[in-house]
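K.L.:
One structure, as structure tokens, below. Some questions next.
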Amino acid sequence: MTIDSVTQQAYADFSRARGKAILSQMQNFMNTDRDKLLSFHDVKDILKPRNQVYMGNRTVPINMVAGSEGRYHDFNKYFLPRREHLRQRWQKVDEAHIKDIILPPILLYEIGGVYFVRDGNHRVSVAKTQGVEFIDAEVISLTTEINIKPSMTIEELTYALIAYEKNIFYNETLFGDLTECWDLNFSSPGRYDVIYNHILVHKYYLNEDIEEELHFNDALVSWYNNVFFPVITIIREQWLLVHFPGRTESDLYVWIIKHWDFLKKKYGTYSLAKAAGDFSRKYGQDKGKFKRTLAMLIGKIFRK
């Protein structure tokens, strides 16, 4: 190919890639996260990897590159260019591909089985657009127990972590077998450690009144019956979950207990039910707004 024809081909390739990016954005306008490239820093903040290891140079499947360290706003989920200003650099990389010029390895982080670009975003974008299956990379691996799929959104990754934490908690404490409660669910990671600590504190106070050390299992059952479930009962009686969309009863338990402790330190004796109501009034969704929305929905139903 001549120089002019290579330039024209690269220009056309970028234009097609931009067109696909625009189409993808339109198709996912109701769920924009489906079109977003994962941010390495967001994933790292969620998973909190324990350490990192330099893995050296290796050949990486291009379809396992799931995100970017710094250019996640410039490319979409499929590494298609989302900005016109990327054209010049993108075309230069594409021209090198057309001419079979070998470029240096890209730099990647590996975490959870997928890869995030440290340097070489344009090369990944061109490679994916051109149907390349593998790419040479220098890799640093970060340790985590969570397996990530390239198609995952941040929300799905968060749910995967919560499910992992729940599985560990239930297996290590026998929580479900001891309480017959299998729906201790949370909307944010890290809550099962909070519950475990609550049980340990409850065990500590119970042990103050007996000579022999109370078994953890007995403390767990006592905590569930005398601390956790009474709070859940109040949450249900006061319909508090209605004012916290997207949250769970277990979320509210953690927050209400913390709020109750704050109120007791501030005012002295304070009832749990009153603390729950106070928490809902201060931090819950506006009751008037909820009632108006409910009335509108009921009105629509009866008008049909």
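Simple scheme: letters A, B, ... for chains in structure tokens order, numbers from 1 for residues in each chain, numbers from 1 for ligands in the order shown.
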As a PyMOL selection string, please: the residues near region 252-257 of chain A (cut-off 6 Å, only C-alpha atoms, same-chain neighbours under 3 positions excluded).

P.N.:
chain A and resi 249+260+276

K.L.:
What residues in region 36-131 of chain A get the DSSP label strand (DSSP E or B)? Please answer as a PyMOL selection string.

P.N.:
chain A and resi 36+38-39+52-61+65-68+75-76+81+106-111+114-119

K.L.:
Suppose we keep C-alpha atoms; can you now write the selection as a compact mmCIF listing (two decimals), in the first residue's frame?

P.N.:
```txt
# COMPACT_ATOMS: atom_id res chain seq x y z
CA LYS A 36 -18.28 2.34 30.45
CA LEU A 38 -13.73 -0.13 34.03
CA SER A 39 -11.46 2.18 36.00
CA GLN A 52 1.42 -7.07 43.76
CA VAL A 53 3.95 -9.15 41.85
CA TYR A 54 5.93 -8.29 38.72
CA MET A 55 5.16 -11.00 36.14
CA GLY A 56 7.40 -9.79 33.29
CA ASN A 57 6.58 -10.01 29.60
CA ARG A 58 3.84 -12.31 28.36
CA THR A 59 1.27 -12.69 25.61
CA VAL A 60 -2.20 -11.66 26.79
CA PRO A 61 -5.62 -12.44 25.24
CA VAL A 65 -8.30 -6.48 28.76
CA ALA A 66 -11.22 -5.03 30.71
CA GLY A 67 -10.22 -1.52 31.76
CA SER A 68 -7.70 1.26 32.03
CA PHE A 75 -12.69 4.53 25.42
CA ASN A 76 -15.87 2.53 25.94
CA PRO A 81 -12.72 5.56 20.93
CA ILE A 106 1.97 -2.48 26.35
CA LEU A 107 1.96 -2.18 30.16
CA LEU A 108 -0.81 -3.94 32.07
CA TYR A 109 -2.07 -4.62 35.57
CA GLU A 110 -3.67 -8.03 36.13
CA ILE A 111 -6.29 -8.41 38.87
CA VAL A 114 -8.49 -9.59 33.75
CA TYR A 115 -6.17 -6.80 32.68
CA PHE A 116 -6.08 -3.03 32.99
CA VAL A 117 -3.98 -0.82 30.75
CA ARG A 118 -1.21 1.20 32.39
CA ASP A 119 0.19 2.34 29.04
```

K.L.:
In terms of the shortest atom-to-atom distance over only C-alpha atoms, which of A:Gln9, A:Pro150, A:Asn121, A:Leu23 is closest to Arg71 (chain A)?

P.N.:
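Residue with the minimum atom-to-atom distance to Arg71 (chain A): A:Asn121.
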
K.L.:
For a quick check of understanding, using only C-alpha atoms, which of A:Leu240, A:Leu47, A:Val124, A:Ala10 has the smallest distance to Thr143 (chain A)?

P.N.:
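That would be A:Leu47, the residue with the smallest distance to Thr143 (chain A).
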
K.L.:
Pick out the closest residue to Tyr205 (chain A) from this set: A:Ile148, A:Leu178, A:Ala137, A:Ala219. Count only C-alpha atoms.

P.N.:
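Answer, going by the shortest atom-to-atom distance: A:Ala219.
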